[in-house]
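Q: Would you mind keeping the following structure in view while I ask a few things?
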2 protein chains.
Amino acid sequence: MITLTEENYIKTIYHLSTNGEKTVNTNAIAEVMQTKASSVTDMIKKLSEKNYADYKKYQGVTLTEDGRRVAVNIIRKHRLWEVFLVEKLNFSWDEVHEVAEHLEHIKSDKLVDELDAFLEFPTYDPHGDPIPDKEGNFKPLEKIVLAKAEVGTTYKCIGVDDTSSNFLKYLDSNKIALGTIMKVLHKEPFDHSVKLALEHAEIVVSYSVAKNLYLKKIEG
Amino acid sequence: MITLTEENYIKTIYHLSTNGEKTVNTNAIAEVMQTKASSVTDMIKKLSEKNYADYKKYQGVTLTEDGRRVAVNIIRKHRLWEVFLVEKLNFSWDEVHEVAEHLEHIKSDKLVDELDAFLEFPTYDPHGDPIPDKEGNFKPLEKIVLAKAEVGTTYKCIGVDDTSSNFLKYLDSNKIALGTIMKVLHKEPFDHSVKLALEHAEIVVSYSVAKNLYLKKIEG
DNA sequence: AATTATTTTTAGAGTTGTCTAAAAATATTT
DNA sequence: AAATATTTTTAGACAACTCTAAAAATAATT
């Protein structure tokens with residue numbers, strides 16, 4: 001039996017090893033998990049014994065095939081629940097994460113399969129991240145950060161990185177929300193600020209803002 | 001902060017003290033929770049310290065107002081999730097309980113309120129048990145057991161007590177399912193068996209069956 | 001290459017919830 | 001009412017996960 005804590009460690013290791021090959025170090029895990037390095041070492045040993053991770057002392061961890069399977073399954077559940085919360089229960093983008101963090105640990109294959117069907121097999125979550133299918137296959141990532149968007153292209157806003165209330169208020173006062181359509185007019189080389197055309201206005205946003213806004217290409 | 005285990009103990013104490021006044025004894029809790037009496041004693045002490053239960057050594061427990069509030073809230077969540085699973089995710093009556101047992105512990109007021117609204121404020125769960133509202137008020141129980149049904153009255157099947165696969169197979173082979181309409185034709189005083197009129201057949205079921213089948217009155 | 005700094009691991013201990021075995025209180029029989 | 005049986009509690013221990021403090025390994029500096 002796999003415990004809730006083990007699942008959370010596996011998920012963290014997965015997210016920290018982006019390409020899937022990179023070994024993950026103890027301190028990085030400790031920081032994400034809000035715990036101490038010594039606790040991480042203990043848990044890594046346990047995951048290694050249970051064959052979810054490969055681990056050599058002082059050399060960092062990688063997930064085994066088993067570990068990766070567990071991680072992808074949790075991500076699948078997390079993102080399906082996020083779709084459910086946003087589409088059916090009127091949650092906004094900044095409210096879903098915390099609740100999905102708990103729902104993702106409910107263990108029932110039927111529940112996941114039926115939820116998937118009920119939502120009509122979504123392939124992206126409300127933040128634009130791909131939802132792996134039952135076999136663990138991801139669609140290519142569609143979301144890009146505004147800071148890397150192309151001039152002349154039109155995008156739809158699909159999420160934010162920073163969810164601090166200050167940032168969300170800033171977006172609100174500038175009439176930017178989930179689904180807002182914007183065209184990139186100009187990127188200023190000097191300070192990397194970005195000029196945008198919204199539906200009823202043109203605005204300039206700073207680089208800090210551009211780094212935190214996620215978009216999906218619509219045309220261009 | 002209340003733990004998952006504490007919530008489960010509180011729920012068990014609530015269910016064992018039906019009328020709300022009766023004190024619950026240690027062994028009864030141990031049996032339901034599949035644990036040892038000594039563990040129960042430990043937990044009862046903790047619940048008492050946290051003011052969820054009143055407890056005097058060797059005298060059994062009762063829930064405090066706080067404890068009862070926690071219990072009713074868990075029951076509310078459990079039954080709302082059961083409605084969701086049956087109505088939206090095609091779960092059958094015998095499959096819902098286990099999953100709802102986990103979902104009931106997810107803590108988010110918004111989640112519960114929105115789920116309630118999404119399901120259009122149901123007042124009974126798929127087994128015919130009332131769903132308490134936000135303030136903890138229950139509607140009167142509508143379900144009765146077939147053994148206590150009246151001759152000449154028509155009922156709808158809304159659940160079972162025993163969920164063993166043998167019993168469910170028996171029901172299946174006799175064309176009884178959730179929603180099946182039946183009229184009580186006769187109750188045999190000798191062995192308490194019951195004669196029923198189903199849509200396309202008349203059958204006689206034994207007292208053991210009649211004790212395990214829950215109905216809701218439709219007319220009569 | 002030697003020293004210093006950083007990262008990681010070990011050792012020992014605390015917490016929560018569980019257990020067994022024995023003691024204490026209550027209930028039941030005779 | 002005394003003896004016996006049952007229920008409940010205590011005492012001490014264990015497993016999972018966490019921590020602090022110190023030791024060991026690795027990495028960075030000089």
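Lettering and numbering for the structure tokens are positional, with chains as A, B, ... in the shown order, residues counted from 1 in each chain, and ligands counted from 1 in the shown order.
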Could you pull out the residues in stretch 94-141 of chain A that DSSP calls helix (DSSP H, G or I) from the backbone, as a list of chain:residue names?
A: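 Listing helix (DSSP H, G or I) positions across stretch 94-141 of chain A yields A:Asp94, A:Glu95, A:Val96, A:His97, A:Glu98, A:Val99, A:Ala100, A:Glu101, A:His102, A:Leu103, A:Asp109, A:Lys110, A:Leu111, A:Val112, A:Asp113, A:Glu114, A:Leu115, A:Asp116, A:Ala117, A:Phe118.
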Q: Would you list which chain C residues are within 12 Å of chain B using only C-alpha atoms (C1' of nucleotides), as a list of chain:residue names?
A: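 Contact residues on the first chain: C:DT16, C:DG17, C:DT18, C:DC19, C:DT20, C:DA21, C:DA24, C:DA25, C:DT26, C:DA27.
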Q: Between D:DT18, D:DT26, D:DT4, D:DT9, which one has atoms that come closest to chain B, using only C-alpha atoms (C1' of nucleotides)?
A: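 Closest to chain B of all the choices is D:DT9.
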Q: Kindly provide, as a ChimeraX atom specification, the residues of chain D having any atom no farther than 10 Å from an atom of chain A, counting only C-alpha atoms (C1' of nucleotides).
A: /D:16-20,25-26
Q: Could you please take those selected residues and save N, CA and C atoms (P, O5', C5', C4', C3', O3' and C1' of nucleotides) as an mmCIF file, in the first residue's frame?
A:
```cif
data_model
loop_
_atom_site.group_PDB
_atom_site.id
_atom_site.type_symbol
_atom_site.label_atom_id
_atom_site.label_comp_id
_atom_site.auth_asym_id
_atom_site.auth_seq_id
_atom_site.Cartn_x
_atom_site.Cartn_y
_atom_site.Cartn_z
ATOM 1 P P DA D 16 6.145 1.161 8.995
ATOM 2 O "O5'" DA D 16 5.640 2.678 8.986
ATOM 3 C "C5'" DA D 16 4.267 2.965 8.781
ATOM 4 C "C4'" DA D 16 4.066 4.458 8.890
ATOM 5 C "C3'" DA D 16 5.003 5.252 7.970
ATOM 6 O "O3'" DA D 16 4.233 6.270 7.336
ATOM 7 C "C1'" DA D 16 5.222 5.995 10.200
ATOM 8 P P DC D 17 4.862 7.002 6.059
ATOM 9 O "O5'" DC D 17 5.383 8.374 6.682
ATOM 10 C "C5'" DC D 17 4.438 9.295 7.228
ATOM 11 C "C4'" DC D 17 5.154 10.286 8.101
ATOM 12 C "C3'" DC D 17 6.307 11.032 7.408
ATOM 13 O "O3'" DC D 17 5.962 12.404 7.306
ATOM 14 C "C1'" DC D 17 6.813 10.430 9.652
ATOM 15 P P DT D 18 6.909 13.469 6.581
ATOM 16 O "O5'" DT D 18 7.569 14.283 7.786
ATOM 17 C "C5'" DT D 18 6.738 15.023 8.674
ATOM 18 C "C4'" DT D 18 7.464 15.253 9.969
ATOM 19 C "C3'" DT D 18 8.803 15.958 9.860
ATOM 20 O "O3'" DT D 18 8.634 17.351 9.801
ATOM 21 C "C1'" DT D 18 8.815 14.249 11.537
ATOM 22 P P DC D 19 9.865 18.315 9.496
ATOM 23 O "O5'" DC D 19 10.685 18.369 10.864
ATOM 24 C "C5'" DC D 19 10.077 18.913 12.038
ATOM 25 C "C4'" DC D 19 10.989 18.675 13.229
ATOM 26 C "C3'" DC D 19 12.383 19.261 13.056
ATOM 27 O "O3'" DC D 19 12.449 20.531 13.696
ATOM 28 C "C1'" DC D 19 12.481 17.013 13.912
ATOM 29 P P DT D 20 13.738 21.452 13.479
ATOM 30 O "O5'" DT D 20 14.798 20.887 14.520
ATOM 31 C "C5'" DT D 20 14.499 20.827 15.912
ATOM 32 C "C4'" DT D 20 15.712 20.311 16.672
ATOM 33 C "C3'" DT D 20 16.994 21.090 16.407
ATOM 34 O "O3'" DT D 20 17.704 21.202 17.628
ATOM 35 C "C1'" DT D 20 17.318 18.825 15.813
ATOM 36 P P DA D 25 32.097 9.321 4.674
ATOM 37 O "O5'" DA D 25 31.675 10.218 3.431
ATOM 38 C "C5'" DA D 25 30.374 10.026 2.873
ATOM 39 C "C4'" DA D 25 30.068 11.189 1.967
ATOM 40 C "C3'" DA D 25 31.051 11.386 0.811
ATOM 41 O "O3'" DA D 25 30.332 11.150 -0.382
ATOM 42 C "C1'" DA D 25 30.496 13.459 1.869
ATOM 43 P P DT D 26 31.055 11.238 -1.825
ATOM 44 O "O5'" DT D 26 30.812 12.757 -2.230
ATOM 45 C "C5'" DT D 26 29.468 13.214 -2.396
ATOM 46 C "C4'" DT D 26 29.486 14.710 -2.617
ATOM 47 C "C3'" DT D 26 30.309 15.181 -3.823
ATOM 48 O "O3'" DT D 26 29.415 15.852 -4.690
ATOM 49 C "C1'" DT D 26 30.705 16.540 -1.927
#
```
Q: Could you give me, as an NGL selection string, the residues within 8 Å of A:Asp191, counting only C-alpha atoms (C1' of nucleotides) and dropping anything in the same chain fewer than 3 positions from it?
A: :A and (188 or 206-207)
Q: Those same residues - N, CA and C atoms - I'd like them written as a PDB file, in the first residue's frame.
A:
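Contents of the output file result_12.pdb:
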```pdb
ATOM      1  N   GLU A 188       9.172  45.611 -25.732  1.00  0.00           N
ATOM      2  CA  GLU A 188      10.188  46.642 -25.548  1.00  0.00           C
ATOM      3  C   GLU A 188      11.517  46.004 -25.133  1.00  0.00           C
ATOM      4  N   SER A 206       4.419  45.201 -17.431  1.00  0.00           N
ATOM      5  CA  SER A 206       5.845  45.044 -17.131  1.00  0.00           C
ATOM      6  C   SER A 206       6.301  43.602 -17.359  1.00  0.00           C
ATOM      7  N   TYR A 207       7.626  43.429 -17.313  1.00  0.00           N
ATOM      8  CA  TYR A 207       8.191  42.092 -17.498  1.00  0.00           C
ATOM      9  C   TYR A 207       7.739  41.148 -16.380  1.00  0.00           C
TER      10      TYR A 207
END
```
